[in-house]
Amino acid sequence: MTTLLEQRYRTVLRLLPSYYRAEREEEMVEAYLHGIDERNRDELRPAWGEVASIAALAVRTRMGAAGAPARYATLGAVVRLFALLSVLLQAASGLTGQALFLAWVRGAPAKDREMVLMGFTGHGAPAGLYEVVRWLLPLAWTVAYLALLRDHRRTAFAFAALAALPGLASVTQHLGGGQDTLVVSFSLTAAAFSWLTVLALCCGFHRDAPPARLPLSSPGLVLMGTCVLMGASTVVWPGDADPEWAGGAAFIAAAAGWLIARFRSPQHTRDPALPLALAALGLAVLVERTLGLAFLADAHAPGSLLTAGAVQAGVIAALAAALTTTGTRGLTARWRTG
Amino acid sequence: MTPRGMTQAAFFVLTALVDQPRHGYGIVQVVDELSEGHVQLRIGTLYGVLDRLAADGLIELDREEVQQGRLRRYYRLTDAGGAALSAEAQRMAAGARAATERIAAHRPSAAGPAPGGGSVRRPGLAGGTA
């Protein structure tokens with residue numbers, strides 16, 4: 001006879017993918033119930049630790065653990081590539097943003113420079129320290145990126161979580177400060193993007209997952225190239241560059257580069273994981289770009305700024321759609337051939 | 001074993017299978033005893049470890065039994081699993097030996113400085129014979 005505890009445990013096991021349950025459910029139930037007195041089985045519930053261990057196994061089995069079917073292996077590869085590309089984008093964004101800021105401060109008129117410094121020193125030591133830490137934290141994305149490519153997963157995860165903290169602080173500040181909906185949505189989106197990256201890192205790079213590898217050249221060169229691209233895209237159109245411009249430009253370059261490579265060498269670009277990961281990144285960039293545009297429109301920004309932003313959003317959307325189509329086709333072909 | 005090395009849980013699971021094939025709960029029990037209660041495997045953790053060890057060829061299915069209508073699978077250690085466990089045990093023993101020797105060499109002694117400890121303090125290093 002089925003006891004309440006067994007029913008409850010089987011409910012928890014429903015977290016696992018069906019292929020895994022078909023193989024393991026009966027065995028796991030037997031292992032779980034074996035040491036528990038039958039007389040108590042209608043009064044007990046699975047402990048939180050048991051539930052957590054099943055939840056962790058559920059994530060791992062969906063992210064391409066040993067013996068997972070092709071669709072979960074692909075899902076795991078997509079999540080890992082998304083995490084890697086997203087960390088790269090945010091590392092380059094942090095480095096470029098801070099470098100451009102320092103360059104601007106250096107060349108700014110004395111009055112402007114003083115105003116900037118007041119932001120760090122004008123509200124007492126604790127507030128100044130908080131601002132300095134908040135200014136420095138986005139650079140932790142770079143540490144996370146380098147750690148990830150050296151397969152130091154815990155370090156990468158810890159630094160990514162640190163780097164994502166300022167986003168959370170902005171949301172709290174804006175929610176508590178009675179800001180209008182657009183400002184709150186904007187900071188919520190930025191924070192969601194950062195924490196989605198942290199989540200993808202955490203889930204994708206589980207213990208059994210293969211190490212992170214960049215599809216192209218060495219990690220340092222790719223980071224430097226992305227920084228140069230983002231910096232150049234901002235400097236070339238200083239009048240038209242809003243904070244989302246550089247990220248959009250980097251995505252456009254990567255997506256267009258992949259699609260050109262796909263056109264020229266279809267044999268070497270069959271793996272659907274990269275286009276799907278890029279498409280997911282494109283979607284995140286597009287949401288930020290669109291909200292940034294709405295923010296500019298609300299602030300009555302110049303028409304040229306709005307036009308450039310709208311064109312960029314359109315290009316990002318078109319490229320993300322093309323990547324999704326190509327990736328989905330590759331995925332279907334792979335599943336068909338097993 | 002993967003290049004990421006052997007976890008403590010995997011080490012104890014392999015150790016539990018040295019003498020005879022065991023089923024899931026049997027492994028949990030033996031691991032608990034071997035580790036003196038320090039490693040208490042949850043079922044989700046156990047099956048994650050078993051999947052990994054089986055994929056690496058360190059354990060394999062021995063037999064299946066049905067007990068009170070429920071499936072019980074027994075796992076056994078493979079030759080590769082025995083070799084990997086032996087290598088890991090030697091590595092851990094060498095590490096423990098090195099740590100024990102170092103602790104003994106630097107233990108404060110009433111008879112004066114410990115052998116090899118010396119009395120010369122090098123700049124930039126804390127401690128001396130402590």
# chains A, B, ... in the order shown; residues from 1 in each chain; ligands from 1
>>> residues_around(residues="region 52-59 of chain A", least_positions_apart="2", cutoff="7 Å", atoms="only C-alpha atoms", output="list in words")
Leu13, Leu15, Leu16, Pro17, Trp48, Gly49, Glu50, Thr61, Arg62, Met63 and Cys203 of chain A; Arg42, Gly44, Thr45 and Gly48 of chain B
>>> write_last_selection(atoms="N, CA and C atoms", output="PDB file, in the first residue's frame")
ATOM      1  N   LEU A  13       9.835  13.945  -6.733  1.00  0.00           N
ATOM      2  CA  LEU A  13      10.584  13.368  -7.867  1.00  0.00           C
ATOM      3  C   LEU A  13      10.064  13.862  -9.213  1.00  0.00           C
ATOM      4  N   LEU A  15      10.013  16.705 -10.089  1.00  0.00           N
ATOM      5  CA  LEU A  15      10.940  17.766 -10.518  1.00  0.00           C
ATOM      6  C   LEU A  15      11.914  17.249 -11.580  1.00  0.00           C
ATOM      7  N   LEU A  16      12.158  15.933 -11.534  1.00  0.00           N
ATOM      8  CA  LEU A  16      13.141  15.343 -12.465  1.00  0.00           C
ATOM      9  C   LEU A  16      12.527  15.198 -13.860  1.00  0.00           C
ATOM     10  N   PRO A  17      13.365  15.268 -14.908  1.00  0.00           N
ATOM     11  CA  PRO A  17      12.814  15.086 -16.256  1.00  0.00           C
ATOM     12  C   PRO A  17      12.272  13.666 -16.437  1.00  0.00           C
ATOM     13  N   TRP A  48      13.747  19.043   3.890  1.00  0.00           N
ATOM     14  CA  TRP A  48      14.135  20.068   2.902  1.00  0.00           C
ATOM     15  C   TRP A  48      15.442  19.708   2.208  1.00  0.00           C
ATOM     16  N   GLY A  49      16.335  19.066   2.959  1.00  0.00           N
ATOM     17  CA  GLY A  49      17.626  18.666   2.368  1.00  0.00           C
ATOM     18  C   GLY A  49      17.422  17.663   1.233  1.00  0.00           C
ATOM     19  N   GLU A  50      16.468  16.724   1.430  1.00  0.00           N
ATOM     20  CA  GLU A  50      16.160  15.744   0.374  1.00  0.00           C
ATOM     21  C   GLU A  50      15.580  16.453  -0.843  1.00  0.00           C
ATOM     22  N   THR A  61      20.338  17.138 -14.500  1.00  0.00           N
ATOM     23  CA  THR A  61      19.907  16.198 -15.546  1.00  0.00           C
ATOM     24  C   THR A  61      19.324  16.933 -16.756  1.00  0.00           C
ATOM     25  N   ARG A  62      18.851  18.166 -16.525  1.00  0.00           N
ATOM     26  CA  ARG A  62      18.334  18.942 -17.665  1.00  0.00           C
ATOM     27  C   ARG A  62      19.448  19.705 -18.385  1.00  0.00           C
ATOM     28  N   MET A  63      20.582  19.822 -17.748  1.00  0.00           N
ATOM     29  CA  MET A  63      21.687  20.598 -18.333  1.00  0.00           C
ATOM     30  C   MET A  63      22.758  19.682 -18.921  1.00  0.00           C
ATOM     31  N   CYS A 203      23.553  27.101 -13.040  1.00  0.00           N
ATOM     32  CA  CYS A 203      22.888  25.878 -13.516  1.00  0.00           C
ATOM     33  C   CYS A 203      23.705  25.184 -14.602  1.00  0.00           C
TER      34      CYS A 203
ATOM     35  N   ARG B  42      22.293  12.526   0.640  1.00  0.00           N
ATOM     36  CA  ARG B  42      20.870  12.612   0.303  1.00  0.00           C
ATOM     37  C   ARG B  42      20.672  11.764  -0.952  1.00  0.00           C
ATOM     38  N   GLY B  44      19.140  12.408  -3.763  1.00  0.00           N
ATOM     39  CA  GLY B  44      19.432  13.142  -5.009  1.00  0.00           C
ATOM     40  C   GLY B  44      20.926  13.236  -5.252  1.00  0.00           C
ATOM     41  N   THR B  45      21.676  13.470  -4.177  1.00  0.00           N
ATOM     42  CA  THR B  45      23.140  13.565  -4.298  1.00  0.00           C
ATOM     43  C   THR B  45      23.714  12.200  -4.677  1.00  0.00           C
ATOM     44  N   GLY B  48      23.182  11.419  -8.318  1.00  0.00           N
ATOM     45  CA  GLY B  48      24.070  12.255  -9.145  1.00  0.00           C
ATOM     46  C   GLY B  48      25.471  11.649  -9.185  1.00  0.00           C
TER      47      GLY B  48
END
>>> select_by_dssp(residues="region 30-88 of chain B", states="helix (DSSP H, G or I)", output="count of residues only")
28
>>> closest_residue(among="A:Leu88, A:Leu274, A:Ala140, A:Ala249", to="Leu223 (chain A)", atoms="only C-alpha atoms")
A:Leu88
>>> closest_residue(among="A:Ala161, A:Leu146, A:Ala246, A:Ala320", to="Gly97 (chain A)", atoms="only C-alpha atoms")
A:Ala246
>>> atom_distance(atom1="CA of Phe186 (chain A)", atom2="CA of Pro166 (chain A)")
13.7 Å
>>> interface_residues(of="chain B", to="chain A", cutoff="8 Å", atoms="only C-alpha atoms", output="JSON, numbers by chain")
{"B": [4, 23, 24, 25, 42, 43, 44, 45, 47, 48, 51, 52, 55, 70, 71, 72, 73]}
>>> atom_distance(atom1="CA of Ala317 (chain A)", atom2="CA of Gly303 (chain A)")
20.9 Å
>>> atom_distance(atom1="CA of Phe11 (chain B)", atom2="CA of Ile36 (chain A)")
25.7 Å
>>> residues_around(residues="region 327-335 of chain A", least_positions_apart="6", cutoff="7 Å", atoms="only C-alpha atoms", output="MDAnalysis selection string")
chainID A and resid 70 270:273 275:276
>>> closest_residue(among="B:Asp32, B:Glu101, B:Asp56, B:Asp62", to="Thr15 (chain B)", atoms="only C-alpha atoms")
B:Asp32
>>> closest_residue(among="B:Gln90, B:Gln68, B:Gln20, B:Gln29", to="Leu46 (chain B)", atoms="only C-alpha atoms")
B:Gln29
>>> residues_around(residues="region 71-85 of chain A", least_positions_apart="2", cutoff="7 Å", atoms="only C-alpha atoms", output="PyMOL selection string")
chain A and resi 62-64+68-69+87-89+197+200-201+204-205+273-274+276-278+280-281
>>> residues_around(residues="Ser86 (chain B)", least_positions_apart="6", cutoff="12 Å", atoms="only C-alpha atoms", output="list in words")
Met6, Phe11, Leu14, Thr15, Val18, Leu58, Leu77, Asp79, Ala80, Met92 and Ala93 of chain B
>>> residues_around(residues="Thr155 (chain A)", least_positions_apart="4", cutoff="10 Å", atoms="only C-alpha atoms", output="PyMOL selection string")
chain A and resi 143-148+151+159-161
>>> write_last_selection(atoms="N, CA and C atoms", output="tab-separated table (two decimals), in the first residue's frame")
chain	number	residue	atom	x	y	z
A	143	VAL	N	36.75	39.42	-13.83
A	143	VAL	CA	37.34	38.31	-13.04
A	143	VAL	C	36.53	37.04	-13.27
A	144	ALA	N	35.19	37.20	-13.27
A	144	ALA	CA	34.31	36.04	-13.48
A	144	ALA	C	34.59	35.41	-14.85
A	145	TYR	N	34.75	36.26	-15.85
A	145	TYR	CA	34.99	35.78	-17.22
A	145	TYR	C	36.31	34.99	-17.30
A	146	LEU	N	37.37	35.59	-16.75
A	146	LEU	CA	38.68	34.91	-16.81
A	146	LEU	C	38.67	33.63	-15.97
A	147	ALA	N	38.02	33.68	-14.80
A	147	ALA	CA	37.94	32.48	-13.94
A	147	ALA	C	37.17	31.37	-14.65
A	148	LEU	N	36.09	31.74	-15.33
A	148	LEU	CA	35.28	30.73	-16.02
A	148	LEU	C	36.09	30.04	-17.11
A	151	ASP	N	38.32	27.50	-15.86
A	151	ASP	CA	37.55	26.44	-15.21
A	151	ASP	C	37.55	26.53	-13.67
A	159	PHE	N	32.25	35.84	-8.27
A	159	PHE	CA	32.51	37.19	-8.79
A	159	PHE	C	31.35	37.69	-9.65
A	160	ALA	N	30.70	36.79	-10.36
A	160	ALA	CA	29.53	37.21	-11.15
A	160	ALA	C	28.42	37.70	-10.22
A	161	ALA	N	28.22	36.97	-9.11
A	161	ALA	CA	27.19	37.38	-8.15
A	161	ALA	C	27.54	38.75	-7.54
